[in-house]
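Shown below: run-v2.cif, with mmCIF, C-alpha atoms and all ligand atoms.
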data_target
loop_
_atom_site.label_atom_id
_atom_site.label_comp_id
_atom_site.auth_asym_id
_atom_site.auth_seq_id
_atom_site.Cartn_x
_atom_site.Cartn_y
_atom_site.Cartn_z
CA MET K 1 74.12 -3.77 32.58
CA PRO K 2 72.99 -0.39 31.15
CA THR K 3 73.83 2.55 33.37
CA ALA K 4 70.98 4.38 35.07
CA PRO K 5 70.04 7.62 33.29
CA THR K 6 70.70 10.82 35.18
CA VAL K 7 68.04 13.46 35.67
CA SER K 8 69.42 16.63 37.13
CA ILE K 9 67.29 19.12 39.07
CA ALA K 10 68.39 22.67 39.94
CA ARG K 11 66.31 25.26 41.74
CA CYS K 12 65.54 28.53 39.96
CA ASP K 13 63.13 30.97 41.60
CA ASP K 14 62.36 33.24 38.67
CA TYR K 15 63.51 34.32 35.20
CA ASP K 16 66.13 36.80 36.36
CA ALA K 17 68.92 36.22 33.80
CA PRO K 18 71.90 35.56 36.14
CA LYS K 19 69.81 33.15 38.24
CA VAL K 20 68.66 31.27 35.15
CA TYR K 21 72.20 31.02 33.80
CA ALA K 22 73.47 29.65 37.13
CA ALA K 23 70.64 27.08 37.28
CA VAL K 24 71.09 26.01 33.64
CA LYS K 25 74.85 25.58 34.15
CA LYS K 26 74.34 23.64 37.36
CA ALA K 27 71.65 21.40 35.82
CA LEU K 28 73.83 20.64 32.80
CA GLU K 29 76.99 20.01 34.79
CA GLN K 30 75.20 17.47 36.98
CA VAL K 31 74.40 15.33 33.93
CA ASP K 32 76.81 12.39 33.70
CA GLY K 33 79.24 12.67 30.79
CA ILE K 34 78.10 16.17 29.81
CA HIS K 35 81.55 17.48 28.88
CA LYS K 36 82.24 14.59 26.53
CA LEU K 37 78.77 14.98 25.01
CA VAL K 38 78.83 18.71 24.34
CA GLY K 39 82.47 18.66 23.14
CA GLN K 40 83.95 21.72 21.43
CA ASN K 41 83.03 23.93 18.46
CA LYS K 42 80.00 21.97 17.44
CA LYS K 43 76.83 23.09 15.72
CA VAL K 44 74.13 23.03 18.39
CA LEU K 45 70.39 23.31 17.79
CA LEU K 46 68.11 24.46 20.60
CA LYS K 47 64.68 23.08 19.72
CA LEU K 48 62.39 25.29 21.80
CA ASN K 49 58.68 24.96 22.54
CA LEU K 50 57.01 27.89 20.74
CA LEU K 51 53.35 26.94 20.78
CA THR K 52 51.70 30.35 20.84
CA SER K 53 52.26 33.19 18.41
CA SER K 54 49.99 35.63 20.23
CA LEU K 55 50.60 35.42 24.00
CA GLY K 56 53.86 36.63 25.56
CA PRO K 57 56.28 34.90 27.97
CA GLU K 58 54.21 35.90 31.04
CA TYR K 59 51.54 33.36 29.99
CA ALA K 60 54.00 30.46 30.48
CA ILE K 61 53.11 28.78 27.19
CA ASN K 62 56.41 28.99 25.30
CA THR K 63 59.95 28.26 26.48
CA HIS K 64 61.03 31.43 28.30
CA PRO K 65 63.62 33.63 26.51
CA SER K 66 65.85 33.73 29.61
CA VAL K 67 66.25 29.96 29.37
CA ALA K 68 67.08 30.18 25.65
CA ARG K 69 69.58 32.97 26.37
CA ALA K 70 71.24 31.00 29.17
CA LEU K 71 71.67 27.99 26.89
CA VAL K 72 73.10 30.10 24.06
CA ASP K 73 75.56 31.68 26.51
CA PHE K 74 76.49 28.31 27.98
CA PHE K 75 77.25 26.68 24.64
CA GLN K 76 79.04 29.71 23.19
CA LYS K 77 81.18 30.39 26.26
CA GLU K 78 81.84 26.86 27.45
CA THR K 79 82.22 25.06 24.13
CA GLY K 80 82.62 27.68 21.40
CA ALA K 81 79.58 26.25 19.65
CA GLU K 82 77.69 27.72 16.71
CA VAL K 83 74.16 27.90 18.10
CA TYR K 84 70.88 27.65 16.21
CA ILE K 85 67.42 28.24 17.70
CA GLY K 86 64.51 26.59 15.91
CA ASP K 87 60.87 25.51 16.02
CA SER K 88 57.55 25.47 14.18
CA SER K 89 54.71 27.00 16.20
CA GLY K 90 51.37 25.32 16.91
CA SER K 91 49.43 27.61 14.58
CA LEU K 92 48.91 27.18 10.84
CA ARG K 93 48.39 30.91 10.31
CA PHE K 94 50.83 32.34 7.80
CA GLY K 95 53.89 33.80 9.52
CA SER K 96 52.92 32.46 12.95
CA THR K 97 56.29 30.85 13.72
CA ASN K 98 58.19 34.09 13.07
CA LYS K 99 55.57 35.89 15.14
CA ALA K 100 56.09 33.42 18.00
CA PHE K 101 59.85 34.00 17.74
CA LYS K 102 59.43 37.79 18.11
CA LEU K 103 56.71 37.62 20.73
CA THR K 104 58.93 35.36 22.84
CA LYS K 105 61.63 38.06 22.52
CA LEU K 106 64.03 35.64 20.87
CA ASP K 107 64.94 38.27 18.28
CA LYS K 108 66.75 40.08 21.11
CA VAL K 109 68.57 36.86 22.03
CA THR K 110 69.79 36.27 18.45
CA GLU K 111 70.73 39.95 17.95
CA GLU K 112 72.77 40.05 21.16
CA THR K 113 74.49 36.69 20.82
CA GLY K 114 74.79 35.98 17.10
CA ALA K 115 72.83 32.73 17.48
CA LYS K 116 70.88 31.91 14.29
CA TRP K 117 67.11 31.55 14.05
CA VAL K 118 65.72 28.68 11.99
CA ASN K 119 62.02 28.82 11.19
CA PHE K 120 61.26 25.13 10.63
CA ASP K 121 58.30 26.04 8.38
CA GLN K 122 60.77 27.61 5.93
CA ASP K 123 63.70 25.24 6.38
CA LYS K 124 64.73 22.62 3.83
CA PHE K 125 62.94 19.36 4.56
CA ILE K 126 63.82 15.71 4.72
CA ASP K 127 61.26 12.96 4.29
CA ILE K 128 61.36 10.30 6.97
CA LYS K 129 60.16 6.77 6.27
CA LYS K 130 59.60 4.64 9.35
CA SER K 131 59.65 0.85 9.44
CA ASN K 132 56.43 -1.12 9.02
CA GLY K 133 54.13 -0.93 11.98
CA ALA K 134 54.85 2.69 12.90
CA THR K 135 51.76 4.77 13.64
CA LEU K 136 53.34 7.51 11.54
CA PRO K 137 54.92 5.66 8.58
CA ARG K 138 56.06 8.86 6.85
CA PHE K 139 56.55 12.44 7.85
CA ARG K 140 58.53 15.47 6.81
CA MET K 141 60.90 17.22 9.17
CA ALA K 142 63.17 20.26 9.21
CA ARG K 143 66.56 19.41 7.79
CA THR K 144 68.57 21.48 10.31
CA VAL K 145 67.69 18.86 12.93
CA LYS K 146 69.86 16.35 11.05
CA ASP K 147 72.53 18.82 9.94
CA VAL K 148 73.71 19.86 13.41
CA ASP K 149 76.02 17.90 15.73
CA LEU K 150 73.95 18.27 18.88
CA VAL K 151 70.18 18.61 19.32
CA VAL K 152 69.02 20.09 22.62
CA SER K 153 65.28 19.87 23.26
CA VAL K 154 64.06 22.74 25.46
CA PRO K 155 60.45 22.00 26.47
CA LYS K 156 58.22 23.80 28.93
CA LEU K 157 56.65 21.70 31.68
CA LYS K 158 52.86 21.91 31.19
CA THR K 159 49.67 19.94 31.49
CA HIS K 160 47.99 18.90 28.24
CA GLY K 161 44.32 18.10 27.69
CA LEU K 162 44.99 15.35 25.17
CA THR K 163 48.17 13.73 26.47
CA LYS K 164 47.77 14.77 30.14
CA TYR K 165 51.31 16.18 30.34
CA THR K 166 53.76 17.71 27.88
CA GLY K 167 57.52 17.82 28.25
CA ALA K 168 60.47 16.20 26.48
CA LEU K 169 58.75 13.43 24.50
CA LYS K 170 56.08 15.70 23.03
CA ASN K 171 58.36 18.65 22.30
CA THR K 172 59.96 16.99 19.27
CA LEU K 173 56.65 17.17 17.33
CA GLY K 174 57.68 20.74 16.47
CA VAL K 175 60.39 19.51 14.09
CA ILE K 176 57.52 18.83 11.67
CA PRO K 177 56.65 21.97 9.73
CA ALA K 178 53.19 23.53 10.04
CA LYS K 179 51.01 21.56 7.63
CA GLY K 180 52.73 18.28 8.42
CA LYS K 181 51.53 18.51 12.03
CA LYS K 182 47.98 18.68 10.72
CA ASP K 183 48.57 15.36 8.92
CA VAL K 184 49.80 13.75 12.14
CA HIS K 185 46.40 14.41 13.73
CA ILE K 186 44.59 13.05 10.68
CA GLN K 187 46.73 9.89 10.64
CA ALA K 188 46.48 9.37 14.40
CA PRO K 189 43.09 10.69 15.55
CA LYS K 190 42.79 8.50 18.66
CA PRO K 191 44.60 9.79 21.74
CA SER K 192 46.61 6.57 22.15
CA ASP K 193 47.62 6.60 18.46
CA PHE K 194 48.61 10.24 18.72
CA ALA K 195 50.84 9.39 21.70
CA GLN K 196 52.48 6.59 19.66
CA ALA K 197 52.95 9.02 16.76
CA LEU K 198 54.71 11.43 19.12
CA ILE K 199 57.09 8.62 20.04
CA ASP K 200 57.65 7.88 16.33
CA VAL K 201 58.87 11.45 15.93
CA TYR K 202 60.88 11.49 19.15
CA GLU K 203 62.59 8.24 18.13
CA GLU K 204 63.70 9.84 14.86
CA VAL K 205 64.98 13.07 16.43
CA LYS K 206 66.39 11.49 19.62
CA PRO K 207 67.70 14.73 21.12
CA HIS K 208 71.14 14.36 22.67
CA LEU K 209 70.05 16.44 25.61
CA THR K 210 66.87 17.84 27.15
CA LEU K 211 66.87 21.02 29.24
CA MET K 212 63.43 21.62 30.70
CA ASP K 213 62.03 25.05 31.57
CA ALA K 214 60.11 24.27 34.75
CA VAL K 215 60.60 27.66 36.42
CA ILE K 216 57.01 28.69 35.76
CA GLY K 217 55.00 25.81 34.28
CA MET K 218 51.35 25.55 33.35
CA GLU K 219 48.64 23.80 35.35
CA GLY K 220 44.96 23.15 34.61
CA ASN K 221 43.78 23.43 31.05
CA GLY K 222 47.17 23.23 29.26
CA PRO K 223 48.99 23.51 26.97
CA ASN K 224 47.62 26.96 26.01
CA ALA K 225 44.62 27.90 28.15
CA GLY K 226 45.83 26.84 31.59
CA ASP K 227 47.28 28.94 34.39
CA PRO K 228 50.94 29.72 35.05
CA ARG K 229 52.22 27.98 38.19
CA LYS K 230 55.60 28.36 39.82
CA ILE K 231 57.57 25.11 39.95
CA GLY K 232 60.94 26.80 40.45
CA LEU K 233 63.13 24.29 38.62
CA ILE K 234 65.45 23.77 35.68
CA MET K 235 65.94 20.11 34.82
CA ALA K 236 68.30 18.30 32.45
CA SER K 237 68.91 14.80 31.12
CA THR K 238 70.17 12.91 28.12
CA ASN K 239 67.05 10.72 28.27
CA GLY K 240 63.56 12.00 27.37
CA VAL K 241 61.63 9.17 29.04
CA ALA K 242 63.52 9.56 32.32
CA ILE K 243 63.21 13.35 32.50
CA ASP K 244 59.48 13.17 31.71
CA ALA K 245 59.04 10.47 34.37
CA VAL K 246 60.70 12.69 36.98
CA ALA K 247 58.96 15.92 35.87
CA SER K 248 55.50 14.35 35.72
CA SER K 249 55.95 12.81 39.16
CA ILE K 250 56.92 16.23 40.54
CA ILE K 251 53.51 17.56 39.48
CA GLY K 252 51.70 14.58 40.98
CA TYR K 253 51.26 12.05 38.18
CA ASP K 254 52.27 8.45 38.16
CA PRO K 255 54.59 8.46 35.12
CA LEU K 256 53.16 5.27 33.62
CA SER K 257 49.68 6.82 33.43
CA ILE K 258 51.06 9.27 30.86
CA PRO K 259 50.77 7.55 27.46
CA THR K 260 53.91 9.06 25.89
CA ILE K 261 56.04 8.00 28.86
CA ARG K 262 54.53 4.52 28.93
CA TYR K 263 55.01 4.01 25.19
CA GLY K 264 58.51 5.50 25.29
CA GLN K 265 59.50 2.94 27.92
CA GLU K 266 57.76 0.07 26.11
CA ARG K 267 59.65 0.96 22.94
CA GLY K 268 63.01 0.79 24.69
CA LEU K 269 63.75 4.52 24.73
CA GLY K 270 64.39 4.74 28.46
CA THR K 271 63.05 3.88 31.85
CA ALA K 272 60.19 5.52 33.72
CA ASP K 273 61.02 3.62 36.90
CA LEU K 274 62.02 6.29 39.41
CA ASN K 275 64.05 3.69 41.33
CA LYS K 276 66.24 3.16 38.28
CA ILE K 277 66.85 6.85 37.57
CA ASN K 278 69.78 8.64 39.12
CA VAL K 279 68.24 11.92 40.31
CA LYS K 280 70.90 14.53 41.06
CA GLY K 281 70.63 17.93 42.73
CA GLU K 282 67.25 18.28 44.41
CA ARG K 283 65.25 15.29 45.64
CA ILE K 284 61.84 14.72 44.01
CA SER K 285 60.11 14.64 47.41
CA ASP K 286 61.57 18.08 48.28
CA VAL K 287 60.31 19.80 45.13
CA ALA K 288 57.04 17.90 44.50
CA ILE K 289 53.80 19.88 44.04
CA PRO K 290 51.02 17.38 44.78
CA ASP K 291 48.21 19.93 44.36
CA PHE K 292 49.30 20.89 40.81
CA LYS K 293 45.99 21.10 38.90
CA LYS K 294 45.52 18.45 36.23
CA PRO K 295 43.50 18.98 33.07
CA GLY K 296 39.96 17.61 32.84
CA ASN K 297 41.43 14.34 31.75
CA ILE K 298 39.71 11.38 33.25
CA ALA K 299 42.11 8.56 32.52
CA GLN K 300 42.62 7.14 35.95
CA ASP K 301 46.10 6.72 37.29
CA PHE K 302 45.14 3.91 39.60
CA ALA K 303 43.80 1.74 36.77
CA LEU K 304 46.09 2.80 33.97
CA ASN K 305 49.24 1.88 35.87
CA TYR K 306 48.45 -1.79 36.07
CA LEU K 307 46.55 -2.53 32.89
CA PRO K 308 48.12 -4.47 30.03
CA GLY K 309 48.90 -2.55 26.84
CA PHE K 310 45.79 -2.92 24.70
CA ILE K 311 43.39 -2.35 27.61
CA PHE K 312 45.44 0.71 28.61
CA ALA K 313 45.05 2.12 25.10
CA LYS K 314 41.30 1.37 24.99
CA LEU K 315 40.61 2.87 28.40
CA PHE K 316 42.79 5.84 27.65
CA ASP K 317 40.95 6.47 24.37
CA VAL K 318 37.49 6.03 25.85
CA SER K 319 38.29 8.30 28.73
CA CYS K 320 40.11 10.97 26.74
CA GLU K 321 38.32 11.17 23.41
CA SER K 322 36.75 14.59 23.20
CA TYR K 323 35.08 17.05 20.91
CA SER K 324 35.36 20.77 20.95
CA THR K 325 32.61 23.33 21.52
CA VAL K 326 32.70 27.12 21.44
CA TYR K 327 31.76 29.28 24.42
CA GLU K 328 30.27 32.06 22.34
CA PRO K 329 30.51 34.94 24.89
CA ASN K 330 34.32 34.61 24.75
CA CYS K 331 34.59 34.21 20.98
CA THR K 332 36.12 37.27 19.30
CA LYS K 333 35.61 35.88 15.77
CA CYS K 334 39.37 35.84 15.16
CA TYR K 335 38.92 32.48 13.34
CA ALA K 336 42.36 31.18 14.30
CA CYS K 337 40.61 27.92 15.22
CA ILE K 338 39.06 27.60 11.75
CA LYS K 339 42.47 27.87 10.09
CA ASN K 340 44.01 25.36 12.50
CA CYS K 341 41.39 22.60 12.32
CA PRO K 342 42.85 19.66 10.34
CA VAL K 343 39.41 18.31 9.34
CA GLN K 344 37.50 21.56 8.63
CA ALA K 345 35.08 20.94 11.50
CA ILE K 346 34.74 24.64 12.43
CA THR K 347 32.77 27.28 10.56
CA PRO K 348 31.81 30.90 11.32
CA THR K 349 28.16 29.95 11.71
CA GLY K 350 27.59 30.57 15.41
CA THR K 351 25.53 33.50 16.71
CA ASP K 352 26.60 36.70 14.88
CA GLY K 353 29.40 34.82 13.10
CA THR K 354 31.10 33.27 16.10
CA ALA K 355 32.85 29.95 15.52
CA ARG K 356 30.81 26.75 15.62
CA VAL K 357 32.07 23.15 15.70
CA ASP K 358 30.50 20.26 13.81
CA LYS K 359 30.69 17.58 16.51
CA GLU K 360 30.38 14.77 13.94
CA LYS K 361 33.49 15.92 12.10
CA CYS K 362 35.58 16.81 15.15
CA ILE K 363 38.39 14.33 15.97
CA GLY K 364 39.24 15.95 19.32
CA CYS K 365 42.80 16.88 18.40
CA PHE K 366 42.94 20.08 20.54
CA CYS K 367 44.43 22.09 17.62
CA CYS K 368 41.71 24.75 18.04
CA ASP K 369 42.19 24.85 21.81
CA GLU K 370 45.92 25.37 21.28
CA VAL K 371 45.43 28.54 19.24
CA CYS K 372 42.41 30.14 20.91
CA ASP K 373 43.74 32.94 23.09
CA TYR K 374 40.34 33.82 24.57
CA LYS K 375 39.44 30.61 26.43
CA ALA K 376 36.49 30.25 24.05
CA ILE K 377 37.15 26.62 23.13
CA VAL K 378 35.76 24.10 25.59
CA MET K 379 36.76 20.47 25.17
CA GLU K 380 33.94 18.07 26.11
CA ARG K 381 34.26 14.36 26.83
CA HIS K 382 31.97 11.89 25.12
CA ALA K 383 29.23 10.25 27.22
CA LEU K 384 31.25 7.16 28.18
CA GLY K 385 34.19 9.34 29.12
CA LYS K 386 31.93 11.31 31.44
CA VAL K 387 31.01 8.09 33.22
CA PHE K 388 34.72 7.45 33.82
CA LEU K 389 35.06 11.03 35.01
CA ARG K 390 32.36 10.44 37.59
CA ILE K 391 34.04 7.24 38.75
CA ALA K 392 37.39 9.03 38.96
CA GLU K 393 35.84 11.80 41.05
CA LEU K 394 34.15 9.30 43.35
CA LEU K 395 37.41 7.47 43.85
CA GLY K 396 39.26 10.75 44.21
CA SER K 397 42.12 9.40 42.12
CA GLU K 398 42.67 12.50 40.06
CA LYS K 399 41.73 16.16 40.45
CA THR K 400 39.81 17.42 37.45
CA ARG K 401 39.16 20.93 36.28
S1 LIG K 501 36.78 30.19 19.27
FE1 LIG K 501 38.66 31.28 19.81
S2 LIG K 501 40.03 30.98 18.05
FE2 LIG K 501 37.93 30.46 17.37
S3 LIG K 501 37.13 32.35 16.45
FE3 LIG K 501 36.49 32.30 18.60
S4 LIG K 501 38.08 33.43 19.71
FE4 LIG K 501 38.94 32.93 17.69
S1 LIG K 502 37.23 21.22 16.03
FE1 LIG K 502 39.12 21.49 17.22
S2 LIG K 502 39.41 19.56 18.32
FE2 LIG K 502 37.91 19.21 16.67
S3 LIG K 502 39.12 18.44 14.95
FE3 LIG K 502 38.92 20.66 14.68
S4 LIG K 502 40.74 21.51 15.69
FE4 LIG K 502 40.56 19.39 16.37
#

What does this structure look like when you write it as C-alpha cells?
Amino acid sequence: MPTAPTVSIARCDDYDAPKVYAAVKKALEQVDGIHKLVGQNKKVLLKLNLLTSSLGPEYAINTHPSVARALVDFFQKETGAEVYIGDSSGSLRFGSTNKAFKLTKLDKVTEETGAKWVNFDQDKFIDIKKSNGATLPRFRMARTVKDVDLVVSVPKLKTHGLTKYTGALKNTLGVIPAKGKKDVHIQAPKPSDFAQALIDVYEEVKPHLTLMDAVIGMEGNGPNAGDPRKIGLIMASTNGVAIDAVASSIIGYDPLSIPTIRYGQERGLGTADLNKINVKGERISDVAIPDFKKPGNIAQDFALNYLPGFIFAKLFDVSCESYSTVYEPNCTKCYACIKNCPVQAITPTGTDGTARVDKEKCIGCFCCDEVCDYKAIVMERHALGKVFLRIAELLGSEKTR
C-alpha cells in the first residue's frame, strides 16, 4: 500500500528573516524522509514564482525574498548544497525576468549567499516530447531543471482567475521560457485544456519538494491584481497534488473543484483526499480562512465535485471562459498587455490611444491581466457563464468578486 503523503504546516506571522528561517526549517523537517531526500552537497534549484516584473514584494505577487533566503541558508548550512535560483517571469517584455529578479530583491540574496541566478529565458533549453494524447505534446524547458540533483518548487499561494487557485501544480509552468508560455495558451485555449497542459509540464518537472510561501497570499482577483491577505503559514511537501489540496482547502475551496488538482489526482500524481494526507504541524481546521475572497470564477464547487470527467471539463469551460476588456480610466498606455497577448487581440485603438481588445480574437488566457499593473484589465464572462454566475450566487456556493 502506498504511504500517505505528508503535508507539513508551520506558522509564520510575517517576513521577518529569523522567523521565516525558523518556519522554513520546521516545515521541511516535518516532511517524512526529508534528510534522505536532501542528502549532502547536491545541486539544488529553487524554482520561484516571479510573475511580476514591476510590482515589489509588498504586493504579494512573487515568492517573497525572505523565503528564498531562508531556503538558500537551509540548503547551504544543513546540506552544503550548491544553490541555484531560477524562473521565467509572466511578461514577454525584453529583460522582464531579470527585472523581476531585482525587483524581488533576489540580487541581494545571491550577493550575500553566493547562490547563482538562472534566468530561464536565457538558459540552454531542452525540447520535451510527451507521449500521444498529451494536451501539450511538445514544449521547450530550461535545461538547468534537468541538470540539478534536487528541484524545489517555491510557489506563492494565490487565487487565479483562470484556474481558480495557483500553487504547486501551476508553478512549474515557469520552467518554460517566455515565448514558449505564449504557445501553451495557443495550444490549450480552453480553461480545462490549459489545466491539463499545466499538469503535462508538472509531470515532466516533478519537483522533489515544494515549499509554499503562504505567509501573505493573494485573495480576490489573482494572480496579479488581487489583494494581499495574511495566511501566516509556510507549508512543505514532496507531493504537489497533496500540498495544493491542503492549501486550497485552507482558503475555503473543495480541492476537487480546482481543475489542476483534480487532473493531477486523475493522472496518478497524488491524492487530493484530505483523509489520505498526513498533515503535520498545524491542523487545517485551526488555520483555515473560510472568508478568503475567491476570484470572479463561477465554476460551482457543489456541482464540480461530483460530476464525471467530461461534464466537469464542459461545465468548467462554460463557466470560466472569458474575454478581456479595458477599463480606460485606469489605462496608462504602457502597452505591456499588447506585448503579452499571444493572439494579438489588443491594439492601441481605445480613446486617446488606450488599449482595446478585439473580443472575437481574445481566447481569455489572462496574459494581459497578469501584466497590467493598473487594474485596467477586466475579465468578463461570456453570456452562458453569467447565467452560471447568477445560479452560483443564488445558491451561495461560492463568493464572487
Ligand atoms: S490595459 Fe494595462 S497593461 Fe494595457 S496599456 Fe493599459 S495600463 Fe498598460
Ligand atoms: S486579450 Fe488578454 S485574455 Fe485575451 S487573448 Fe489577449 S492576453 Fe489573453

Which chains and residue numbers are within 8 Å of ligand LIG 501 (chain K), counting all atoms listed in the file, if I want them as a PDB file with C-alpha atoms, in the frame of the given file?
ATOM      1  CA  VAL K 326      32.700  27.120  21.440  1.00  0.00           C
ATOM      2  CA  TYR K 327      31.760  29.280  24.420  1.00  0.00           C
ATOM      3  CA  GLU K 328      30.270  32.060  22.340  1.00  0.00           C
ATOM      4  CA  ASN K 330      34.320  34.610  24.750  1.00  0.00           C
ATOM      5  CA  CYS K 331      34.590  34.210  20.980  1.00  0.00           C
ATOM      6  CA  THR K 332      36.120  37.270  19.300  1.00  0.00           C
ATOM      7  CA  LYS K 333      35.610  35.880  15.770  1.00  0.00           C
ATOM      8  CA  CYS K 334      39.370  35.840  15.160  1.00  0.00           C
ATOM      9  CA  TYR K 335      38.920  32.480  13.340  1.00  0.00           C
ATOM     10  CA  ALA K 336      42.360  31.180  14.300  1.00  0.00           C
ATOM     11  CA  CYS K 337      40.610  27.920  15.220  1.00  0.00           C
ATOM     12  CA  ILE K 338      39.060  27.600  11.750  1.00  0.00           C
ATOM     13  CA  PRO K 348      31.810  30.900  11.320  1.00  0.00           C
ATOM     14  CA  THR K 354      31.100  33.270  16.100  1.00  0.00           C
ATOM     15  CA  ALA K 355      32.850  29.950  15.520  1.00  0.00           C
ATOM     16  CA  ARG K 356      30.810  26.750  15.620  1.00  0.00           C
ATOM     17  CA  CYS K 368      41.710  24.750  18.040  1.00  0.00           C
ATOM     18  CA  ASP K 369      42.190  24.850  21.810  1.00  0.00           C
ATOM     19  CA  VAL K 371      45.430  28.540  19.240  1.00  0.00           C
ATOM     20  CA  CYS K 372      42.410  30.140  20.910  1.00  0.00           C
ATOM     21  CA  ASP K 373      43.740  32.940  23.090  1.00  0.00           C
ATOM     22  CA  TYR K 374      40.340  33.820  24.570  1.00  0.00           C
ATOM     23  CA  LYS K 375      39.440  30.610  26.430  1.00  0.00           C
ATOM     24  CA  ALA K 376      36.490  30.250  24.050  1.00  0.00           C
ATOM     25  CA  ILE K 377      37.150  26.620  23.130  1.00  0.00           C
TER      26      ILE K 377
END

Discussion item. Around ligand LIG 502 (chain K), out to 10 Å and counting only C-alpha atoms and all ligand atoms, which residues are there? I want them as a PyMOL selection string.
Written reply: chain K and resi 162+182+185-186+189+321-326+336-347+355-372+377-380

Item to complete: Enter the distance from CA of Ile128 (chain K) to CA of Val175 (chain K), in Å, rounded to one decimal.
Response: 11.7 Å

Worksheet item: Taking all atoms listed in the file into account, which of K:Val83, K:Ala247, K:Met212, K:Leu92 comes nearest Ala288 (chain K)?
Response: K:Ala247

Long-range neighbours of region 133-143 of chain K as a PDB file with C-alpha atoms, in the coordinates of the input, 12 Å cut-off, all atoms listed in the file, 5 positions minimum in chain:
ATOM      1  CA  LEU K  45      70.390  23.310  17.790  1.00  0.00           C
ATOM      2  CA  LYS K  47      64.680  23.080  19.720  1.00  0.00           C
ATOM      3  CA  GLY K  86      64.510  26.590  15.910  1.00  0.00           C
ATOM      4  CA  ASP K  87      60.870  25.510  16.020  1.00  0.00           C
ATOM      5  CA  SER K  88      57.550  25.470  14.180  1.00  0.00           C
ATOM      6  CA  VAL K 118      65.720  28.680  11.990  1.00  0.00           C
ATOM      7  CA  ASN K 119      62.020  28.820  11.190  1.00  0.00           C
ATOM      8  CA  PHE K 120      61.260  25.130  10.630  1.00  0.00           C
ATOM      9  CA  ASP K 121      58.300  26.040   8.380  1.00  0.00           C
ATOM     10  CA  GLN K 122      60.770  27.610   5.930  1.00  0.00           C
ATOM     11  CA  ASP K 123      63.700  25.240   6.380  1.00  0.00           C
ATOM     12  CA  LYS K 124      64.730  22.620   3.830  1.00  0.00           C
ATOM     13  CA  PHE K 125      62.940  19.360   4.560  1.00  0.00           C
ATOM     14  CA  ILE K 126      63.820  15.710   4.720  1.00  0.00           C
ATOM     15  CA  ASP K 127      61.260  12.960   4.290  1.00  0.00           C
ATOM     16  CA  ILE K 128      61.360  10.300   6.970  1.00  0.00           C
ATOM     17  CA  VAL K 148      73.710  19.860  13.410  1.00  0.00           C
ATOM     18  CA  THR K 172      59.960  16.990  19.270  1.00  0.00           C
ATOM     19  CA  LEU K 173      56.650  17.170  17.330  1.00  0.00           C
ATOM     20  CA  GLY K 174      57.680  20.740  16.470  1.00  0.00           C
ATOM     21  CA  VAL K 175      60.390  19.510  14.090  1.00  0.00           C
ATOM     22  CA  ILE K 176      57.520  18.830  11.670  1.00  0.00           C
ATOM     23  CA  PRO K 177      56.650  21.970   9.730  1.00  0.00           C
ATOM     24  CA  ALA K 178      53.190  23.530  10.040  1.00  0.00           C
ATOM     25  CA  LYS K 179      51.010  21.560   7.630  1.00  0.00           C
ATOM     26  CA  GLY K 180      52.730  18.280   8.420  1.00  0.00           C
ATOM     27  CA  LYS K 181      51.530  18.510  12.030  1.00  0.00           C
ATOM     28  CA  LYS K 182      47.980  18.680  10.720  1.00  0.00           C
ATOM     29  CA  ASP K 183      48.570  15.360   8.920  1.00  0.00           C
ATOM     30  CA  VAL K 184      49.800  13.750  12.140  1.00  0.00           C
ATOM     31  CA  HIS K 185      46.400  14.410  13.730  1.00  0.00           C
ATOM     32  CA  ILE K 186      44.590  13.050  10.680  1.00  0.00           C
ATOM     33  CA  GLN K 187      46.730   9.890  10.640  1.00  0.00           C
ATOM     34  CA  ALA K 188      46.480   9.370  14.400  1.00  0.00           C
ATOM     35  CA  PRO K 189      43.090  10.690  15.550  1.00  0.00           C
ATOM     36  CA  LYS K 190      42.790   8.500  18.660  1.00  0.00           C
ATOM     37  CA  PRO K 191      44.600   9.790  21.740  1.00  0.00           C
ATOM     38  CA  SER K 192      46.610   6.570  22.150  1.00  0.00           C
ATOM     39  CA  ASP K 193      47.620   6.600  18.460  1.00  0.00           C
ATOM     40  CA  PHE K 194      48.610  10.240  18.720  1.00  0.00           C
ATOM     41  CA  ALA K 195      50.840   9.390  21.700  1.00  0.00           C
ATOM     42  CA  GLN K 196      52.480   6.590  19.660  1.00  0.00           C
ATOM     43  CA  ALA K 197      52.950   9.020  16.760  1.00  0.00           C
ATOM     44  CA  LEU K 198      54.710  11.430  19.120  1.00  0.00           C
ATOM     45  CA  ILE K 199      57.090   8.620  20.040  1.00  0.00           C
ATOM     46  CA  ASP K 200      57.650   7.880  16.330  1.00  0.00           C
ATOM     47  CA  VAL K 201      58.870  11.450  15.930  1.00  0.00           C
ATOM     48  CA  TYR K 202      60.880  11.490  19.150  1.00  0.00           C
ATOM     49  CA  GLU K 203      62.590   8.240  18.130  1.00  0.00           C
ATOM     50  CA  GLU K 204      63.700   9.840  14.860  1.00  0.00           C
ATOM     51  CA  VAL K 205      64.980  13.070  16.430  1.00  0.00           C
ATOM     52  CA  ARG K 267      59.650   0.960  22.940  1.00  0.00           C
TER      53      ARG K 267
END

Counting all atoms listed in the file, give me one row per residue of region 263-296 of chain K with an atom at most 9 Å from an atom of region 229-236 of chain K, showing the shortest contact pair and its distance in Å to one decimal, sorted by chain then residue number, as CSV.
residue,atom,partner,partner_atom,distance
K:Val287,CA,K:Ile231,CA,7.9
K:Ala288,CA,K:Ile231,CA,8.5
K:Ile289,CA,K:Ile231,CA,7.6
K:Phe292,CA,K:Arg229,CA,8.1
